[in-house]
Structures are given as C-alpha cells and as structure tokens.
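The file upload-v5.json contains JSON, C-alpha atoms:
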[["chain", "number", "residue", "atom", "x", "y", "z"],
["A", 1086, "MET", "CA", 7.27, -27.12, 16.90],
["A", 1087, "LYS", "CA", 3.85, -25.46, 17.12],
["A", 1088, "THR", "CA", 1.31, -26.72, 14.60],
["A", 1089, "SER", "CA", -1.34, -24.10, 15.36],
["A", 1090, "TYR", "CA", -0.89, -21.99, 12.25],
["A", 1091, "ASN", "CA", -2.68, -20.95, 9.09],
["A", 1092, "VAL", "CA", -0.99, -20.46, 5.75],
["A", 1093, "VAL", "CA", -2.42, -17.47, 3.85],
["A", 1094, "ILE", "CA", -1.65, -17.19, 0.14],
["A", 1095, "PRO", "CA", -2.84, -14.23, -1.97],
["A", 1096, "ALA", "CA", -3.27, -15.29, -5.58],
["A", 1097, "LYS", "CA", -4.11, -13.52, -8.80],
["A", 1098, "ASN", "CA", -3.93, -15.57, -11.99],
["A", 1099, "GLU", "CA", -1.54, -18.08, -10.40],
["A", 1100, "ALA", "CA", -3.21, -21.33, -11.48],
["A", 1101, "GLU", "CA", -0.06, -22.84, -13.02],
["A", 1102, "ASN", "CA", 2.05, -22.03, -9.96],
["A", 1103, "LEU", "CA", -0.59, -23.31, -7.54],
["A", 1104, "LYS", "CA", -0.59, -26.69, -9.30],
["A", 1105, "LYS", "CA", 2.96, -27.16, -7.98],
["A", 1106, "LEU", "CA", 2.76, -25.20, -4.73],
["A", 1107, "LEU", "CA", -0.35, -26.70, -3.15],
["A", 1108, "PRO", "CA", 0.68, -30.38, -3.36],
["A", 1109, "ALA", "CA", 4.06, -29.52, -1.83],
["A", 1110, "LEU", "CA", 2.37, -27.47, 0.89],
["A", 1111, "LEU", "CA", -0.14, -30.20, 1.72],
["A", 1112, "ILE", "CA", 2.65, -32.65, 2.59],
["A", 1113, "ASN", "CA", 3.11, -31.05, 6.03],
["A", 1114, "THR", "CA", 0.12, -28.69, 6.33],
["A", 1115, "PRO", "CA", -3.51, -29.87, 6.72],
["A", 1116, "PRO", "CA", -5.85, -28.51, 4.00],
["A", 1117, "ASP", "CA", -8.05, -26.84, 6.64],
["A", 1118, "ASN", "CA", -5.07, -24.71, 7.66],
["A", 1119, "ILE", "CA", -4.48, -23.33, 4.16],
["A", 1120, "ILE", "CA", -6.29, -20.21, 2.99],
["A", 1121, "VAL", "CA", -5.95, -18.99, -0.60],
["A", 1122, "VAL", "CA", -7.45, -15.59, -1.33],
["A", 1123, "ASN", "CA", -8.35, -15.46, -5.00],
["A", 1124, "ASP", "CA", -8.00, -11.80, -5.93],
["A", 1125, "GLY", "CA", -10.26, -11.64, -8.98],
["A", 1126, "SER", "CA", -8.31, -14.18, -11.05],
["A", 1127, "GLU", "CA", -9.33, -14.76, -14.65],
["A", 1128, "ASP", "CA", -7.67, -18.18, -14.99],
["A", 1129, "ASP", "CA", -8.27, -21.53, -13.25],
["A", 1130, "THR", "CA", -7.03, -20.43, -9.83],
["A", 1131, "GLN", "CA", -10.41, -21.16, -8.21],
["A", 1132, "ALA", "CA", -10.73, -24.61, -9.77],
["A", 1133, "ILE", "CA", -7.20, -25.61, -8.76],
["A", 1134, "CYS", "CA", -7.80, -24.59, -5.14],
["A", 1135, "LEU", "CA", -11.13, -26.40, -4.93],
["A", 1136, "SER", "CA", -9.60, -29.57, -6.36],
["A", 1137, "HIS", "CA", -7.14, -29.68, -3.43],
["A", 1138, "GLY", "CA", -9.82, -29.18, -0.76],
["A", 1139, "ILE", "CA", -8.32, -26.08, 0.83],
["A", 1140, "ASN", "CA", -10.09, -22.97, 2.10],
["A", 1141, "LEU", "CA", -10.77, -20.58, -0.77],
["A", 1142, "ILE", "CA", -11.93, -16.99, -0.46],
["A", 1143, "ASN", "CA", -12.89, -15.17, -3.65],
["A", 1144, "HIS", "CA", -12.73, -11.42, -4.19],
["A", 1145, "PRO", "CA", -15.41, -10.34, -6.69],
["A", 1146, "TYR", "CA", -12.75, -8.33, -8.55],
["A", 1147, "SER", "CA", -9.05, -7.60, -8.16],
["A", 1148, "MET", "CA", -8.68, -5.53, -4.97],
["A", 1149, "GLY", "CA", -4.90, -5.72, -4.61],
["A", 1150, "ASN", "CA", -2.34, -7.96, -2.94],
["A", 1151, "GLY", "CA", -2.57, -6.11, 0.36],
["A", 1152, "SER", "CA", -6.34, -6.40, 0.35],
["A", 1153, "ALA", "CA", -6.02, -10.17, -0.14],
["A", 1154, "ILE", "CA", -3.59, -10.33, 2.79],
["A", 1155, "LYS", "CA", -6.06, -8.48, 5.02],
["A", 1156, "THR", "CA", -8.89, -10.78, 3.98],
["A", 1157, "GLY", "CA", -6.80, -13.85, 4.78],
["A", 1158, "ALA", "CA", -5.68, -12.44, 8.14],
["A", 1159, "ARG", "CA", -9.28, -11.75, 9.17],
["A", 1160, "CYS", "CA", -10.36, -15.28, 8.26],
["A", 1161, "ALA", "CA", -7.42, -17.10, 9.86],
["A", 1162, "LYS", "CA", -8.39, -19.00, 13.01],
["A", 1163, "LYS", "CA", -4.98, -20.05, 14.32],
["A", 1164, "ASP", "CA", -2.65, -18.14, 16.63],
["A", 1165, "ILE", "CA", 0.11, -17.96, 14.00],
["A", 1166, "ILE", "CA", -0.24, -16.93, 10.37],
["A", 1167, "VAL", "CA", 2.32, -17.85, 7.72],
["A", 1168, "PHE", "CA", 2.11, -15.63, 4.65],
["A", 1169, "MET", "CA", 3.66, -16.78, 1.39],
["A", 1170, "ASP", "CA", 3.40, -15.87, -2.28],
["A", 1171, "ALA", "CA", 1.73, -18.05, -4.89],
["A", 1172, "ASP", "CA", 4.30, -17.41, -7.61],
["A", 1173, "GLY", "CA", 6.67, -20.26, -6.76],
["A", 1174, "GLN", "CA", 9.37, -18.19, -5.06],
["A", 1175, "HIS", "CA", 8.77, -19.56, -1.57],
["A", 1176, "ASN", "CA", 9.52, -23.14, -0.60],
["A", 1177, "PRO", "CA", 6.99, -24.78, 1.77],
["A", 1178, "ASP", "CA", 9.88, -26.76, 3.27],
["A", 1179, "ASP", "CA", 11.09, -23.50, 4.84],
["A", 1180, "ILE", "CA", 7.93, -23.10, 6.94],
["A", 1181, "PRO", "CA", 9.22, -25.33, 9.79],
["A", 1182, "ARG", "CA", 12.37, -23.18, 9.93],
["A", 1183, "LEU", "CA", 10.26, -20.04, 10.34],
["A", 1184, "LEU", "CA", 8.14, -21.66, 13.04],
["A", 1185, "GLU", "CA", 11.18, -23.00, 14.88],
["A", 1186, "LYS", "CA", 12.60, -19.49, 15.07],
["A", 1187, "PHE", "CA", 9.18, -18.12, 15.99],
["A", 1188, "ASN", "CA", 9.01, -20.46, 18.98],
["A", 1189, "GLU", "CA", 12.16, -18.88, 20.40],
["A", 1190, "GLY", "CA", 10.00, -15.93, 21.52],
["A", 1191, "TYR", "CA", 9.58, -13.79, 18.41],
["A", 1192, "GLU", "CA", 6.32, -12.23, 17.22],
["A", 1193, "MET", "CA", 7.35, -12.05, 13.56],
["A", 1194, "VAL", "CA", 9.87, -14.12, 11.62],
["A", 1195, "VAL", "CA", 10.71, -13.09, 8.07],
["A", 1196, "GLY", "CA", 12.25, -15.25, 5.37],
["A", 1197, "ALA", "CA", 15.15, -13.05, 4.26],
["A", 1198, "ARG", "CA", 16.12, -13.61, 0.63],
["A", 1199, "GLN", "CA", 19.75, -13.62, -0.32],
["A", 1200, "SER", "CA", 20.80, -10.61, -2.42],
["A", 1201, "HIS", "CA", 21.14, -12.65, -5.60],
["A", 1202, "ALA", "CA", 17.51, -13.80, -5.28],
["A", 1203, "HIS", "CA", 16.04, -10.47, -6.40],
["A", 1204, "ALA", "CA", 14.94, -10.46, -9.99],
["A", 1205, "SER", "CA", 17.18, -7.76, -11.42],
["A", 1206, "PHE", "CA", 20.06, -5.44, -10.60],
["A", 1207, "ALA", "CA", 17.66, -2.49, -10.31],
["A", 1208, "ARG", "CA", 15.56, -4.41, -7.79],
["A", 1209, "ARG", "CA", 18.62, -5.42, -5.76],
["A", 1210, "VAL", "CA", 19.71, -1.78, -5.56],
["A", 1211, "ALA", "CA", 16.18, -0.65, -4.65],
["A", 1212, "ASN", "CA", 15.80, -3.28, -1.92],
["A", 1213, "SER", "CA", 19.19, -2.41, -0.46],
["A", 1214, "PHE", "CA", 18.19, 1.27, -0.29],
["A", 1215, "TYR", "CA", 14.81, 0.50, 1.28],
["A", 1216, "ASN", "CA", 16.38, -1.82, 3.85],
["A", 1217, "ARG", "CA", 18.89, 0.83, 4.91],
["A", 1218, "PHE", "CA", 16.36, 3.65, 4.99],
["A", 1219, "ALA", "CA", 13.81, 1.61, 6.95],
["A", 1220, "SER", "CA", 16.57, 0.52, 9.36],
["A", 1221, "PHE", "CA", 17.32, 4.19, 10.02],
["A", 1222, "MET", "CA", 13.64, 5.01, 10.59],
["A", 1223, "THR", "CA", 13.12, 2.13, 13.03],
["A", 1224, "SER", "CA", 16.60, 2.02, 14.66],
["A", 1225, "TYR", "CA", 16.73, -1.73, 13.95],
["A", 1226, "LYS", "CA", 18.56, -3.63, 11.25],
["A", 1227, "ILE", "CA", 16.09, -4.76, 8.59],
["A", 1228, "GLU", "CA", 17.51, -7.50, 6.39],
["A", 1229, "ASP", "CA", 14.65, -7.87, 3.90],
["A", 1230, "LEU", "CA", 11.92, -5.24, 4.03],
["A", 1231, "THR", "CA", 9.80, -6.51, 1.14],
["A", 1232, "SER", "CA", 9.82, -10.30, 1.64],
["A", 1233, "GLY", "CA", 6.29, -11.71, 1.51],
["A", 1234, "PHE", "CA", 7.30, -14.94, 3.27],
["A", 1235, "ARG", "CA", 6.80, -14.52, 7.02],
["A", 1236, "ALA", "CA", 5.24, -15.97, 10.16],
["A", 1237, "VAL", "CA", 3.41, -13.56, 12.46],
["A", 1238, "ARG", "CA", 1.40, -13.57, 15.67],
["A", 1239, "ALA", "CA", -2.13, -13.23, 14.36],
["A", 1240, "ARG", "CA", -3.54, -10.94, 17.05],
["A", 1241, "HIS", "CA", -0.64, -8.49, 16.71],
["A", 1242, "PHE", "CA", -0.78, -8.47, 12.93],
["A", 1243, "ARG", "CA", -4.51, -7.68, 12.94],
["A", 1244, "LYS", "CA", -3.84, -4.55, 15.03],
["A", 1245, "PHE", "CA", -2.10, -3.03, 12.02],
["A", 1246, "LEU", "CA", -4.57, -3.98, 9.30],
["A", 1247, "TYR", "CA", -5.81, -0.40, 9.12],
["A", 1248, "LEU", "CA", -2.27, 0.68, 8.19],
["A", 1249, "LEU", "CA", -1.76, -1.85, 5.41],
["A", 1250, "PRO", "CA", -2.20, -0.56, 1.85],
["A", 1251, "ASN", "CA", -4.25, -2.54, -0.64],
["A", 1252, "GLY", "CA", -1.31, -2.75, -3.03],
["A", 1253, "PHE", "CA", 2.02, -4.56, -2.82],
["A", 1254, "SER", "CA", 3.49, -2.90, 0.28],
["A", 1255, "TYR", "CA", 2.09, -4.94, 3.16],
["A", 1256, "PRO", "CA", 5.52, -6.46, 4.07],
["A", 1257, "THR", "CA", 7.03, -2.97, 4.34],
["A", 1258, "THR", "CA", 4.25, -1.65, 6.55],
["A", 1259, "SER", "CA", 3.93, -4.68, 8.81],
["A", 1260, "THR", "CA", 7.69, -5.00, 9.37],
["A", 1261, "MET", "CA", 8.10, -1.37, 10.41],
["A", 1262, "ALA", "CA", 4.95, -1.45, 12.53],
["A", 1263, "PHE", "CA", 6.17, -4.50, 14.47],
["A", 1264, "PHE", "CA", 9.62, -2.99, 15.04],
["A", 1265, "ARG", "CA", 8.34, 0.38, 16.18],
["A", 1266, "SER", "CA", 5.75, -1.24, 18.47],
["A", 1267, "GLY", "CA", 8.47, -3.13, 20.30],
["A", 1268, "PHE", "CA", 7.56, -6.62, 19.08],
["A", 1269, "PRO", "CA", 10.61, -8.88, 18.56],
["A", 1270, "VAL", "CA", 11.32, -9.62, 14.90],
["A", 1271, "ALA", "CA", 13.78, -12.17, 13.54],
["A", 1272, "TYR", "CA", 15.09, -13.13, 10.11],
["A", 1273, "VAL", "CA", 15.75, -16.59, 8.70],
["A", 1274, "PRO", "CA", 17.82, -16.76, 5.49],
["A", 1275, "ILE", "CA", 16.04, -18.46, 2.60],
["A", 1276, "VAL", "CA", 16.79, -19.16, -1.02],
["A", 1277, "ALA", "CA", 13.94, -17.77, -3.10],
["A", 1278, "GLY", "CA", 13.07, -19.64, -6.26],
["A", 1279, "LYS", "CA", 12.70, -18.02, -9.63],
["A", 1280, "ARG", "CA", 9.28, -16.56, -10.17],
["A", 1281, "THR", "CA", 7.13, -18.28, -12.77],
["A", 1282, "GLY", "CA", 5.07, -15.85, -14.84],
["A", 1283, "LYS", "CA", 4.96, -12.08, -15.00],
["A", 1284, "SER", "CA", 5.43, -9.98, -11.89],
["A", 1285, "HIS", "CA", 2.61, -7.62, -10.91],
["A", 1286, "ILE", "CA", 5.06, -5.14, -9.32],
["A", 1287, "ASN", "CA", 6.25, -2.04, -11.14],
["A", 1288, "VAL", "CA", 9.75, -1.15, -9.95],
["A", 1289, "LEU", "CA", 9.39, 2.62, -10.39],
["A", 1290, "GLY", "CA", 5.75, 3.13, -9.47],
["A", 1291, "ASP", "CA", 5.60, 0.69, -6.56],
["A", 1292, "GLY", "CA", 9.12, 1.65, -5.49],
["A", 1293, "PHE", "CA", 8.02, 5.26, -4.97],
["A", 1294, "ARG", "CA", 5.03, 4.00, -2.98],
["A", 1295, "PHE", "CA", 7.37, 1.91, -0.80],
["A", 1296, "PHE", "CA", 9.38, 5.06, -0.09],
["A", 1297, "LEU", "CA", 6.24, 6.99, 0.92],
["A", 1298, "ILE", "CA", 5.09, 4.11, 3.13],
["A", 1299, "ILE", "CA", 8.43, 4.06, 4.94],
["A", 1300, "LEU", "CA", 8.05, 7.79, 5.61],
["A", 1301, "LYS", "CA", 4.42, 7.38, 6.70],
["A", 1302, "ILE", "CA", 5.05, 4.51, 9.11],
["A", 1303, "GLY", "CA", 8.24, 6.10, 10.40],
["A", 1304, "ALA", "CA", 6.42, 9.36, 11.05],
["A", 1305, "LEU", "CA", 3.59, 7.49, 12.79],
["A", 1306, "PHE", "CA", 5.72, 5.39, 15.13],
["A", 1307, "SER", "CA", 8.89, 7.48, 15.56],
["A", 1308, "PRO", "CA", 8.21, 11.05, 14.36],
["A", 1309, "MET", "CA", 11.41, 12.64, 15.63],
["A", 1310, "ARG", "CA", 13.50, 10.22, 13.55],
["A", 1311, "LEU", "CA", 11.98, 12.02, 10.56],
["A", 1312, "PHE", "CA", 11.40, 15.58, 11.74],
["A", 1313, "LEU", "CA", 14.58, 16.15, 13.77],
["A", 1314, "PRO", "CA", 17.14, 15.64, 10.94],
["A", 1315, "ILE", "CA", 15.08, 17.84, 8.61],
["A", 1316, "SER", "CA", 14.79, 20.53, 11.27],
["A", 1317, "PHE", "CA", 18.52, 20.49, 12.02],
["A", 1318, "ALA", "CA", 19.38, 20.56, 8.33],
["A", 1319, "LEU", "CA", 17.20, 23.61, 7.66],
["A", 1320, "PHE", "CA", 18.49, 25.35, 10.78],
["A", 1321, "GLY", "CA", 22.09, 24.72, 9.74],
["A", 1322, "ILE", "CA", 21.46, 25.96, 6.20],
["A", 1323, "GLY", "CA", 19.68, 29.05, 7.53],
["A", 1324, "CYS", "CA", 22.49, 29.91, 9.93],
["A", 1325, "GLY", "CA", 25.10, 29.23, 7.27],
["A", 1326, "TYR", "CA", 23.31, 31.45, 4.77],
["A", 1327, "TYR", "CA", 22.93, 34.19, 7.40],
["A", 1328, "THR", "CA", 26.67, 34.01, 8.14],
["A", 1329, "TYR", "CA", 27.39, 34.36, 4.42],
["A", 1330, "THR", "CA", 25.02, 37.29, 3.78],
["A", 1331, "TYR", "CA", 26.14, 39.10, 6.94],
["A", 1332, "SER", "CA", 29.82, 38.80, 6.05],
["A", 1333, "VAL", "CA", 29.24, 39.87, 2.41],
["A", 1334, "TRP", "CA", 26.34, 42.36, 2.65],
["A", 1335, "SER", "CA", 26.19, 43.02, 6.42],
["A", 1336, "ARG", "CA", 22.48, 42.15, 6.58],
["A", 1337, "PHE", "CA", 20.04, 39.45, 7.59],
["A", 1338, "THR", "CA", 18.04, 38.24, 4.57],
["A", 1339, "ASN", "CA", 14.45, 37.04, 4.34],
["A", 1340, "MET", "CA", 15.64, 33.65, 3.10],
["A", 1341, "SER", "CA", 17.71, 33.12, 6.24],
["A", 1342, "ALA", "CA", 14.71, 34.02, 8.40],
["A", 1343, "LEU", "CA", 12.46, 31.67, 6.38],
["A", 1344, "LEU", "CA", 14.84, 28.72, 6.75],
["A", 1345, "ILE", "CA", 15.31, 29.21, 10.49],
["A", 1346, "LEU", "CA", 11.58, 29.64, 11.10],
["A", 1347, "ALA", "CA", 10.83, 26.56, 9.00],
["A", 1348, "SER", "CA", 13.27, 24.54, 11.09],
["A", 1349, "ILE", "CA", 11.55, 25.67, 14.30],
["A", 1350, "PHE", "CA", 8.07, 24.84, 12.96],
["A", 1351, "ILE", "CA", 9.19, 21.37, 11.81],
["A", 1352, "PHE", "CA", 10.77, 20.73, 15.20],
["A", 1353, "LEU", "CA", 7.53, 21.69, 16.95],
["A", 1354, "MET", "CA", 5.57, 19.45, 14.54],
["A", 1355, "GLY", "CA", 7.83, 16.59, 15.57],
["A", 1356, "ILE", "CA", 7.13, 17.18, 19.26],
["A", 1357, "ILE", "CA", 3.37, 17.24, 18.65],
["A", 1358, "SER", "CA", 3.61, 14.09, 16.54],
["A", 1359, "GLU", "CA", 5.52, 12.33, 19.34],
["A", 1360, "HIS", "CA", 2.61, 13.02, 21.72],
["A", 1361, "ILE", "CA", 0.10, 11.74, 19.15],
["A", 1362, "SER", "CA", 2.24, 8.64, 18.59],
["A", 1363, "ALA", "CA", 2.22, 7.96, 22.34],
["A", 1364, "LEU", "CA", -1.56, 7.47, 22.15],
["A", 1365, "HIS", "CA", -1.02, 4.62, 19.70],
["A", 1366, "TYR", "CA", 1.64, 3.04, 21.89],
["A", 1367, "ARG", "CA", -0.74, 3.04, 24.84],
["A", 1368, "ASP", "CA", -2.90, 0.29, 23.31],
["A", 1369, "ILE", "CA", 0.15, -1.69, 22.17],
["A", 1370, "ASN", "CA", 1.72, -1.55, 25.64],
["A", 1371, "GLN", "CA", -1.50, -2.76, 27.26],
["A", 1372, "ASP", "CA", -1.54, -5.74, 24.91],
["A", 1373, "GLN", "CA", 2.12, -6.53, 25.70],
["A", 1374, "ARG", "CA", 1.40, -6.53, 29.44],
["A", 1375, "ARG", "CA", -1.56, -8.85, 28.90],
["A", 1376, "THR", "CA", 0.62, -11.18, 26.79],
["A", 1377, "ARG", "CA", 3.27, -11.39, 29.53],
["A", 1378, "ARG", "CA", 0.61, -12.27, 32.12],
["A", 1379, "GLU", "CA", -0.61, -15.11, 29.89]]
Turn this file's structure into structure tokens for me.
Amino acid sequence: MKTSYNVVIPAKNEAENLKKLLPALLINTPPDNIIVVNDGSEDDTQAICLSHGINLINHPYSMGNGSAIKTGARCAKKDIIVFMDADGQHNPDDIPRLLEKFNEGYEMVVGARQSHAHASFARRVANSFYNRFASFMTSYKIEDLTSGFRAVRARHFRKFLYLLPNGFSYPTTSTMAFFRSGFPVAYVPIVAGKRTGKSHINVLGDGFRFFLIILKIGALFSPMRLFLPISFALFGIGCGYYTYTYSVWSRFTNMSALLILASIFIFLMGIISEHISALHYRDINQDQRRTRRE
C-alpha cells in the first residue's frame, strides 16, 4: 500500500468532533501528513489541532467548504490526497481500503455511503436523483455523487480547482470532471457514521446548486448530452404542434416556427460547445500521455 498521501480535512466549528477524529487518524497517519483547514471557526478547532501537532491552515473568515478543500489541495505535498469530513461521519480505518483500491490503477476512489447512511428520507431521495442525473450526463454509473470521503491523484485534482465552487459542492464537481476527462474512478462501499452537531448544508438551497453544477459541468465536458435531448424535444413538439394546427386550421403557426427554430439554434449551440470543450480535453490528453510514459 502506498504511504505517500496527505489527509485534508476542512473544518468549521468542529472542535468536539476533532477531539475524537484526530487521535484515531494519527494511529496510522503521521501528523505531518495531516492538513486541517480551519475555515473561520469560532470554537476551539485551532487549539485542538495544534495540540495534536498536525498541519493547520487558518482562513481569516469562513470562506466555504469548497474554498477550504482548494486551500488544502494547494498545500498538500504528497502524490495522493485523501479528503474526509471533520464531522465524525468518516472512519479513518477506511483509508487503507481507499488506497488499496487506488493502487489498482484508479485516479479517484470514492467512499460510497450506503443508502441508509444519509441523514433523512428527503436527502436519500435527493442523492438518488443527483446520482442518476449525473450518471446520465457523464455516461458512467455514479454511486455516490456527494460523498466527501475520497482519495485522488493530486496533480489531476488541482487541474480542476478553477471549477470547484467555494460552497458544499466540490464532490459533485470533481467527480464529474474526473469522469468526463477520462480518468478512471472507482467506488468503495463504506458505512458512514452519524454526524455529530448541526449540518451546514441546506437541502433545498444547496440541492438546487448541486443541480446547476451538474448542468454546468455536463455542459462543459459533454455539451451534446445536454443540448441534443433539449433540441430533439423542442423539434418534436414543434412538428407535433404544426401537424395539429395544419390538420385543424390548415396553417403553419408562429409558435410552431418558434419551436423548430429554437431546436435548430440549440443544436448549433451544442456543436459549438463541443468544439470549445475539445480545447479543454487537449490539455487533459497531453497529461494522460505524459502519465503513461512515466
């Protein structure tokens, strides 16, 4: 098993949870390999981290979970980064399982929570929808889109930092970016513990942002997966409406023309977006060729 990895933990007011997490993590992980990003905490998070001798990075104010992830990724020195939450849901004993799978040739390994691990029925339904929708956008089965427990190849992950939001959607963005860039991704089933303390995620507000992020990343990496179904749907509705108006009133209506023209414009937008997307793939493909030579 590779030992060249950093553990990055974003933390905001998680002092009580870190009292339990850090000792368990230090059993198998050297303190120099652990990075806690203190995102403007108002409790004893900083003192707890310093007392365990780990690497601590302080944000001057709360900048968001995604911002803390980006800070930790930039400061990590090892080839592999393991991200985990500070709220007690992730078990440090599962890290070797992630790394073992990683060493089979994957560039990202995600700890996939079992369905009963999500906090509420509403969250289970939301996660199921997001997993299915993201799977459609990427053409790959995504078992857990929002899990924050994952091991990634550091140099690949840093390529997508500009895409990551500063809020709670970094797992969504990074998972889709890896899939659409052709990096192999695997899932390892885990049992997530019960969160201690209040969650910082709003199901409705953050859920809508997750949906927009899926659309954004899907449109960036595979535009026709988004534009083509919309174009076909509008074209079909336009033709159907024309058939109806012609059979009833023997005329071609403005609404039919608008729907058909809209479908053509959206189709052309998809083609242009595919060409723009190819420019992004160029850099990714060059990196993949360099990796194979190494």
- Which neighbours of segment 1216-1232 of chain A fall inside 7 Å, counting all atoms listed in the file, when residues of the same chain fewer than 2 positions from it are skipped, and could you give them as a list in words? Gly1196, Ala1197, Arg1198, Asn1212, Ser1213, Phe1214, Phe1234, Pro1256, Thr1257, Thr1260, Met1261, Phe1264, Arg1265, Ile1299, Gly1303 and Arg1310 of chain A
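You will find atom CA of Ala1239 of chain A at 10.9 Å from atom CA of Phe1168 of chain A.
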- Query: Pick the closest to Leu1103 of chain A from A:Glu1127, A:Asp1170, A:Glu1359, A:Asp1164: which is it, counting all atoms listed in the file?
  - Reply: A:Asp1170
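Separating atom CA of Leu1183 of chain A from atom CA of Leu1249 of chain A is a distance of 22.4 Å.
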- Task: Dump as number ranges by chain all residues having an atom at most 12 Å from (11.1, -16.8, 19.6), computed in the file's coordinates with only C-alpha atoms.
- Result: A: 1086-1087, 1182-1194, 1236-1238, 1268-1273
Output C-alpha atoms for every residue in the selection just made, as a PDB file, in the coordinates of the input.
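Listing of selection_33.pdb after writing:
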ATOM      1  CA  MET A1086       7.270 -27.120  16.900  1.00  0.00           C
ATOM      2  CA  LYS A1087       3.850 -25.460  17.120  1.00  0.00           C
ATOM      3  CA  ARG A1182      12.370 -23.180   9.930  1.00  0.00           C
ATOM      4  CA  LEU A1183      10.260 -20.040  10.340  1.00  0.00           C
ATOM      5  CA  LEU A1184       8.140 -21.660  13.040  1.00  0.00           C
ATOM      6  CA  GLU A1185      11.180 -23.000  14.880  1.00  0.00           C
ATOM      7  CA  LYS A1186      12.600 -19.490  15.070  1.00  0.00           C
ATOM      8  CA  PHE A1187       9.180 -18.120  15.990  1.00  0.00           C
ATOM      9  CA  ASN A1188       9.010 -20.460  18.980  1.00  0.00           C
ATOM     10  CA  GLU A1189      12.160 -18.880  20.400  1.00  0.00           C
ATOM     11  CA  GLY A1190      10.000 -15.930  21.520  1.00  0.00           C
ATOM     12  CA  TYR A1191       9.580 -13.790  18.410  1.00  0.00           C
ATOM     13  CA  GLU A1192       6.320 -12.230  17.220  1.00  0.00           C
ATOM     14  CA  MET A1193       7.350 -12.050  13.560  1.00  0.00           C
ATOM     15  CA  VAL A1194       9.870 -14.120  11.620  1.00  0.00           C
ATOM     16  CA  ALA A1236       5.240 -15.970  10.160  1.00  0.00           C
ATOM     17  CA  VAL A1237       3.410 -13.560  12.460  1.00  0.00           C
ATOM     18  CA  ARG A1238       1.400 -13.570  15.670  1.00  0.00           C
ATOM     19  CA  PHE A1268       7.560  -6.620  19.080  1.00  0.00           C
ATOM     20  CA  PRO A1269      10.610  -8.880  18.560  1.00  0.00           C
ATOM     21  CA  VAL A1270      11.320  -9.620  14.900  1.00  0.00           C
ATOM     22  CA  ALA A1271      13.780 -12.170  13.540  1.00  0.00           C
ATOM     23  CA  TYR A1272      15.090 -13.130  10.110  1.00  0.00           C
ATOM     24  CA  VAL A1273      15.750 -16.590   8.700  1.00  0.00           C
TER      25      VAL A1273
END
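Note that the spacing between atom CA of Leu1107 of chain A and atom CA of Pro1274 of chain A amounts to 22.4 Å.
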- Task: Could you tell me which of A:His1137, A:Lys1244, A:Lys1279, A:His1175 comes closest to Ala1158 of chain A if we count all atoms listed in the file?
- Result: A:Lys1244
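Distances to Ser1089 of chain A were evaluated for A:Ile1120, A:Ala1304, A:Ile1165, A:Ile1356 using all atoms listed in the file, and the minimum falls at A:Ile1165.
Candidate residues A:Leu1305, A:Ile1154, A:Ile1142, A:Leu1110 were compared for distance to His1360 of chain A, and the nearest is A:Leu1305, using only C-alpha atoms.
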- Message: My list of candidates is A:Thr1258, A:Ser1316, A:Asn1143, A:Thr1330. Which is closest to Leu1346 of chain A when distances are computed with all atoms listed in the file?
- Response: A:Ser1316
- Give the answer as one residue: which of A:Gly1138, A:Pro1314, A:Gly1355, A:Pro1145 has the shortest atom-to-atom distance to Leu1111 of chain A, using all atoms listed in the file? A:Gly1138
- Message: (3.1, -17.5, -6.9) in this file's frame - what residues fall within 9 Å of it? Use all atoms listed in the file and give the answer as a PyMOL selection string.
- Response: chain A and resi 1094-1103+1106+1169-1175+1280-1282
- Message: Give me the residues near Pro1250 of chain A as a VMD selection string, where near means some atom within 9 Å (using only C-alpha atoms) and where sequence neighbours in that chain fewer than 3 positions away do not count.
- Response: chain A and resid 1149 to 1152 1246 to 1247 1253 to 1255 1258 1298
